[in-house]
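Shown next: query_36.pdb, given as PDB, C-alpha atoms and all ligand atoms.
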```
ATOM      1  CA  MET A   1      20.305  -5.369  13.672  1.00  0.00           C
ATOM      2  CA  LYS A   2      18.122  -2.543  12.486  1.00  0.00           C
ATOM      3  CA  THR A   3      16.855  -2.430   8.938  1.00  0.00           C
ATOM      4  CA  ASN A   4      16.232   0.628   6.825  1.00  0.00           C
ATOM      5  CA  ASP A   5      12.508   0.321   7.465  1.00  0.00           C
ATOM      6  CA  ASP A   6      13.117   1.069  11.121  1.00  0.00           C
ATOM      7  CA  PHE A   7      14.012   4.625  10.335  1.00  0.00           C
ATOM      8  CA  ASN A   8      11.990   7.524   9.176  1.00  0.00           C
ATOM      9  CA  LEU A   9      13.738   7.886   5.854  1.00  0.00           C
ATOM     10  CA  THR A  10      12.411   9.603   2.782  1.00  0.00           C
ATOM     11  CA  GLN A  11      11.442   7.366  -0.125  1.00  0.00           C
ATOM     12  CA  ASP A  12      14.462   8.646  -2.037  1.00  0.00           C
ATOM     13  CA  SER A  13      16.720   7.569   0.792  1.00  0.00           C
ATOM     14  CA  LYS A  14      15.134   4.132   0.796  1.00  0.00           C
ATOM     15  CA  ASN A  15      15.700   3.775  -2.935  1.00  0.00           C
ATOM     16  CA  VAL A  16      19.334   4.694  -2.526  1.00  0.00           C
ATOM     17  CA  LEU A  17      19.763   2.264   0.345  1.00  0.00           C
ATOM     18  CA  ASP A  18      18.090  -0.499  -1.641  1.00  0.00           C
ATOM     19  CA  SER A  19      20.358   0.062  -4.621  1.00  0.00           C
ATOM     20  CA  PHE A  20      23.297   0.086  -2.238  1.00  0.00           C
ATOM     21  CA  ALA A  21      22.176  -3.213  -0.782  1.00  0.00           C
ATOM     22  CA  ASN A  22      22.501  -4.835  -4.198  1.00  0.00           C
ATOM     23  CA  ALA A  23      26.059  -3.605  -4.529  1.00  0.00           C
ATOM     24  CA  ARG A  24      27.098  -4.755  -1.071  1.00  0.00           C
ATOM     25  CA  VAL A  25      30.576  -6.196  -0.962  1.00  0.00           C
ATOM     26  CA  PRO A  26      32.671  -7.744   1.770  1.00  0.00           C
ATOM     27  CA  ASP A  27      35.068  -5.492   3.583  1.00  0.00           C
ATOM     28  CA  VAL A  28      37.692  -6.039   6.164  1.00  0.00           C
ATOM     29  CA  GLU A  29      38.630  -3.030   8.197  1.00  0.00           C
ATOM     30  CA  PHE A  30      37.429   0.263   9.558  1.00  0.00           C
ATOM     31  CA  VAL A  31      38.708   3.622   8.407  1.00  0.00           C
ATOM     32  CA  SER A  32      38.303   6.703  10.559  1.00  0.00           C
ATOM     33  CA  PHE A  33      38.454  10.464  10.170  1.00  0.00           C
ATOM     34  CA  LEU A  34      40.514  10.396  13.353  1.00  0.00           C
ATOM     35  CA  HIS A  35      43.431   9.051  11.375  1.00  0.00           C
ATOM     36  CA  LYS A  36      42.704  10.626   7.999  1.00  0.00           C
ATOM     37  CA  PRO A  37      40.786  13.904   7.966  1.00  0.00           C
ATOM     38  CA  CYS A  38      40.586  13.812   4.177  1.00  0.00           C
ATOM     39  CA  PHE A  39      40.545  10.846   1.852  1.00  0.00           C
ATOM     40  CA  TYR A  40      39.161   9.637  -1.456  1.00  0.00           C
ATOM     41  CA  ALA A  41      36.927   6.631  -1.739  1.00  0.00           C
ATOM     42  CA  LYS A  42      34.456   4.780  -3.907  1.00  0.00           C
ATOM     43  CA  VAL A  43      31.290   4.420  -1.876  1.00  0.00           C
ATOM     44  CA  PHE A  44      29.561   1.106  -2.502  1.00  0.00           C
ATOM     45  CA  GLY A  45      26.833   0.783   0.033  1.00  0.00           C
ATOM     46  CA  VAL A  46      25.379   0.905   3.481  1.00  0.00           C
ATOM     47  CA  LYS A  47      26.185  -2.084   5.657  1.00  0.00           C
ATOM     48  CA  SER A  48      24.078  -1.100   8.622  1.00  0.00           C
ATOM     49  CA  VAL A  49      22.445   1.771  10.441  1.00  0.00           C
ATOM     50  CA  ALA A  50      22.470   2.097  14.216  1.00  0.00           C
ATOM     51  CA  ALA A  51      20.635   4.446  16.560  1.00  0.00           C
ATOM     52  CA  ILE A  52      22.842   5.735  19.363  1.00  0.00           C
ATOM     53  CA  HIS A  53      22.503   7.972  22.404  1.00  0.00           C
ATOM     54  CA  PHE A  54      25.343   9.996  23.896  1.00  0.00           C
ATOM     55  CA  VAL A  55      24.733  10.044  27.642  1.00  0.00           C
ATOM     56  CA  ASP A  56      26.647  11.170  30.720  1.00  0.00           C
ATOM     57  CA  ASN A  57      29.152   8.566  31.799  1.00  0.00           C
ATOM     58  CA  GLY A  58      29.184   9.717  35.412  1.00  0.00           C
ATOM     59  CA  PHE A  59      32.732  11.045  35.092  1.00  0.00           C
ATOM     60  CA  GLY A  60      31.989  14.342  33.402  1.00  0.00           C
ATOM     61  CA  GLY A  61      32.112  12.911  29.906  1.00  0.00           C
ATOM     62  CA  LYS A  62      29.823  11.140  27.499  1.00  0.00           C
ATOM     63  CA  LYS A  63      29.433   7.531  26.501  1.00  0.00           C
ATOM     64  CA  LYS A  64      27.713   5.826  23.574  1.00  0.00           C
ATOM     65  CA  VAL A  65      24.664   3.721  24.343  1.00  0.00           C
ATOM     66  CA  ASP A  66      22.685   1.725  21.789  1.00  0.00           C
ATOM     67  CA  CYS A  67      19.067   2.755  21.535  1.00  0.00           C
ATOM     68  CA  THR A  68      16.625  -0.115  22.054  1.00  0.00           C
ATOM     69  CA  ASP A  69      14.726   1.179  18.987  1.00  0.00           C
ATOM     70  CA  ASP A  70      11.576   1.535  21.043  1.00  0.00           C
ATOM     71  CA  PRO A  71      10.813   4.901  22.677  1.00  0.00           C
ATOM     72  CA  ALA A  72       8.508   3.128  25.136  1.00  0.00           C
ATOM     73  CA  THR A  73      11.337   1.046  26.588  1.00  0.00           C
ATOM     74  CA  CYS A  74      14.432   3.130  25.874  1.00  0.00           C
ATOM     75  CA  GLU A  75      15.101   5.274  28.934  1.00  0.00           C
ATOM     76  CA  TYR A  76      17.247   7.694  26.931  1.00  0.00           C
ATOM     77  CA  CYS A  77      14.585   8.363  24.303  1.00  0.00           C
ATOM     78  CA  GLN A  78      12.622  10.180  27.014  1.00  0.00           C
ATOM     79  CA  ASP A  79      15.248  12.945  26.988  1.00  0.00           C
ATOM     80  CA  HIS A  80      16.312  13.195  23.380  1.00  0.00           C
ATOM     81  CA  ARG A  81      16.114  11.488  20.031  1.00  0.00           C
ATOM     82  CA  PRO A  82      18.865   9.037  19.153  1.00  0.00           C
ATOM     83  CA  ILE A  83      21.320   9.965  16.423  1.00  0.00           C
ATOM     84  CA  LEU A  84      21.830   7.683  13.443  1.00  0.00           C
ATOM     85  CA  LYS A  85      25.209   6.221  12.594  1.00  0.00           C
ATOM     86  CA  TYR A  86      25.703   4.655   9.177  1.00  0.00           C
ATOM     87  CA  ASN A  87      28.338   2.043   8.444  1.00  0.00           C
ATOM     88  CA  ILE A  88      29.169   2.397   4.782  1.00  0.00           C
ATOM     89  CA  SER A  89      31.319   0.215   2.545  1.00  0.00           C
ATOM     90  CA  ILE A  90      34.054   2.076   0.769  1.00  0.00           C
ATOM     91  CA  GLU A  91      37.148   1.402  -1.319  1.00  0.00           C
ATOM     92  CA  ASP A  92      40.001   3.544  -0.049  1.00  0.00           C
ATOM     93  CA  ARG A  93      41.881   5.046  -3.004  1.00  0.00           C
ATOM     94  CA  GLU A  94      45.105   5.131  -1.029  1.00  0.00           C
ATOM     95  CA  ASP A  95      45.515   1.350  -0.874  1.00  0.00           C
ATOM     96  CA  GLY A  96      42.594   0.062  -2.959  1.00  0.00           C
ATOM     97  CA  ARG A  97      41.177  -1.908  -0.035  1.00  0.00           C
ATOM     98  CA  MET A  98      37.591  -2.312   1.041  1.00  0.00           C
ATOM     99  CA  LYS A  99      36.853  -0.683   4.380  1.00  0.00           C
ATOM    100  CA  THR A 100      33.988   0.392   6.578  1.00  0.00           C
ATOM    101  CA  LEU A 101      33.447   4.027   7.461  1.00  0.00           C
ATOM    102  CA  GLU A 102      31.096   5.129  10.214  1.00  0.00           C
ATOM    103  CA  CYS A 103      29.379   8.397   9.429  1.00  0.00           C
ATOM    104  CA  GLY A 104      26.539  10.518  10.674  1.00  0.00           C
ATOM    105  CA  VAL A 105      23.440  11.785   8.945  1.00  0.00           C
ATOM    106  CA  GLN A 106      25.107  14.968   7.687  1.00  0.00           C
ATOM    107  CA  LEU A 107      27.780  13.188   5.662  1.00  0.00           C
ATOM    108  CA  PHE A 108      25.408  10.425   4.644  1.00  0.00           C
ATOM    109  CA  ARG A 109      23.019  12.963   3.097  1.00  0.00           C
ATOM    110  CA  ASP A 110      25.884  14.461   1.082  1.00  0.00           C
ATOM    111  CA  ILE A 111      26.864  11.020  -0.184  1.00  0.00           C
ATOM    112  CA  GLU A 112      23.257  10.176  -0.908  1.00  0.00           C
ATOM    113  CA  VAL A 113      22.881  13.214  -3.153  1.00  0.00           C
ATOM    114  CA  ILE A 114      25.993  12.213  -5.119  1.00  0.00           C
ATOM    115  CA  VAL A 115      25.158   8.534  -5.615  1.00  0.00           C
ATOM    116  CA  THR A 116      21.576   9.362  -6.534  1.00  0.00           C
ATOM    117  CA  LYS A 117      22.822  11.674  -9.272  1.00  0.00           C
ATOM    118  CA  TYR A 118      25.673   9.353 -10.335  1.00  0.00           C
ATOM    119  CA  PRO A 119      24.506   5.750  -9.774  1.00  0.00           C
ATOM    120  CA  ASN A 120      27.632   4.150 -11.290  1.00  0.00           C
ATOM    121  CA  VAL A 121      29.472   4.195  -7.992  1.00  0.00           C
ATOM    122  CA  GLN A 122      32.310   2.060  -9.387  1.00  0.00           C
ATOM    123  CA  ASP A 123      33.325   4.820 -11.759  1.00  0.00           C
ATOM    124  CA  TYR A 124      34.355   7.668  -9.507  1.00  0.00           C
ATOM    125  CA  TYR A 125      35.867   8.656  -6.217  1.00  0.00           C
ATOM    126  CA  ILE A 126      34.267  10.822  -3.582  1.00  0.00           C
ATOM    127  CA  LYS A 127      36.365  13.183  -1.502  1.00  0.00           C
ATOM    128  CA  LEU A 128      35.412  12.701   2.146  1.00  0.00           C
ATOM    129  CA  GLU A 129      36.596  15.439   4.419  1.00  0.00           C
ATOM    130  CA  LYS A 130      36.463  16.513   8.033  1.00  0.00           C
ATOM    131  CA  HIS A 131      36.511  20.224   8.811  1.00  0.00           C
ATOM    132  CA  GLY A 132      37.063  21.881  12.176  1.00  0.00           C
ATOM    133  CA  SER A 133      36.941  20.158  15.541  1.00  0.00           C
ATOM    134  CA  GLY A 134      34.818  19.731  18.642  1.00  0.00           C
ATOM    135  CA  LYS A 135      31.281  21.050  18.359  1.00  0.00           C
ATOM    136  CA  GLU A 136      32.242  22.875  15.153  1.00  0.00           C
ATOM    137  CA  THR A 137      33.151  19.690  13.310  1.00  0.00           C
ATOM    138  CA  ARG A 138      31.600  19.341   9.861  1.00  0.00           C
ATOM    139  CA  TYR A 139      31.918  16.575   7.302  1.00  0.00           C
ATOM    140  CA  THR A 140      31.579  16.955   3.559  1.00  0.00           C
ATOM    141  CA  ALA A 141      31.496  14.683   0.528  1.00  0.00           C
ATOM    142  CA  LYS A 142      32.325  15.884  -2.971  1.00  0.00           C
ATOM    143  CA  LYS A 143      32.491  13.963  -6.216  1.00  0.00           C
ATOM    144  CA  GLU A 144      35.855  14.025  -7.935  1.00  0.00           C
ATOM    145  CA  ASP A 145      35.710  15.568 -11.415  1.00  0.00           C
TER     146      ASP A 145
HETATM  147 ZN    ZN B 201      16.526   5.474  22.573  1.00  0.00          ZN
END
```

Mind converting the file's structure to structure tokens?
Amino acid sequence: MKTNDDFNLTQDSKNVLDSFANARVPDVEFVSFLHKPCFYAKVFGVKSVAAIHFVDNGFGGKKKVDCTDDPATCEYCQDHRPILKYNISIEDREDGRMKTLECGVQLFRDIEVIVTKYPNVQDYYIKLEKHGSGKETRYTAKKED
């Protein structure tokens, strides 16, 4: 399992991750934008961060491969940098249950800005939303008023 120190994060990011770590809570199931393009959640913390490559699967598509974390030994790092996937702990407003959401850097940065500004993560919901599809897909996070 990778730790936050394995990634080239800004100090602010590290502080946020550390504060998240203290608020870590058990959770039971995954939630996905595939099933819910828009939902509201309390965001409690980062469970883990993984580095992943998308490589040709030999059948005209792509497959996910875990990066070995070491550019010297990872054959895929020769071609391109891995992308980071964050597993974050959330409480889904719809049913009040703790879940895990996988998100990329783009959405994570949005969330990071919100929780840095409003550290009392128990007190508010964040609207997590998927826009568009395919290569045009974007993800946004907005604090509920
Ligand atoms: Zn790699």

> What does the PyMOL selection byres (((not hetatm)) within 8 of (chain B and resi 201)) select in this file, as a list in words?
Replying inline: Ala51, Ile52, His53, Asp66, Cys67, Thr68, Asp69, Asp70, Pro71, Thr73, Cys74, Glu75, Tyr76, Cys77, Gln78, His80, Arg81 and Pro82 of chain A

Contact residues around range 127-136 of chain A with all atoms listed in the file at 7 Å, ignoring same-chain residues under 4 positions, as a compact mmCIF listing (two decimals) with C-alpha atoms, in the frame of the given file:
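Listing of around-v7.txt after writing:
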```txt
# COMPACT_ATOMS: atom_id res chain seq x y z
CA PHE A 33 38.45 10.46 10.17
CA PRO A 37 40.79 13.90 7.97
CA CYS A 38 40.59 13.81 4.18
CA PHE A 39 40.54 10.85 1.85
CA TYR A 40 39.16 9.64 -1.46
CA ALA A 41 36.93 6.63 -1.74
CA THR A 140 31.58 16.95 3.56
CA ALA A 141 31.50 14.68 0.53
CA LYS A 142 32.33 15.88 -2.97
CA LYS A 143 32.49 13.96 -6.22
CA GLU A 144 35.85 14.02 -7.94
```

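Taking only C-alpha atoms into account, Ile126 in chain A lies nearest to A:Asp110 out of the set A:Glu29, A:Ser48, A:Asp110, A:Val65.
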
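Nearest to Tyr86 in chain A of all the residues A:Leu107, A:Leu34, A:Val49, A:Leu101 is A:Val49, counting all atoms listed in the file.
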
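Between Gly104 in chain A and the residues A:Ser32, A:Gln122, A:Asn57, A:Asn87, the shortest atom-to-atom distance, using all atoms listed in the file, involves A:Asn87.
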
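Of note, CA of Asp92 in chain A and CA of Val43 in chain A are spaced 8.9 Å apart.
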
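In terms of minimum interatomic distance to Arg138 in chain A, A:Cys103 ranks closest within A:Met98, A:Cys103, A:His35, A:Phe44, counting all atoms listed in the file.
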
> What does the PyMOL selection byres (((chain A and resi 120) around 12) and not hetatm) select in this file, as a PyMOL selection string?
Replying inline: chain A and resi 19-20+23+42-45+114-119+121-125

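Between CA of Phe30 in chain A and CA of Thr137 in chain A lies a distance of 20.2 Å.
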
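Between Glu102 in chain A and the candidates A:Lys36, A:Val46, A:Asp145, A:Gly58, the tightest atom-to-atom separation, counting all atoms listed in the file, involves A:Val46.
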
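Between CA of Val31 in chain A and CA of Gly60 in chain A the separation is 28.0 Å.
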
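Nearest-residue note for Ile90 in chain A: choosing from A:Phe59, A:Ala72, A:Val105, A:Lys47, the minimum distance belongs to A:Lys47, counting all atoms listed in the file.
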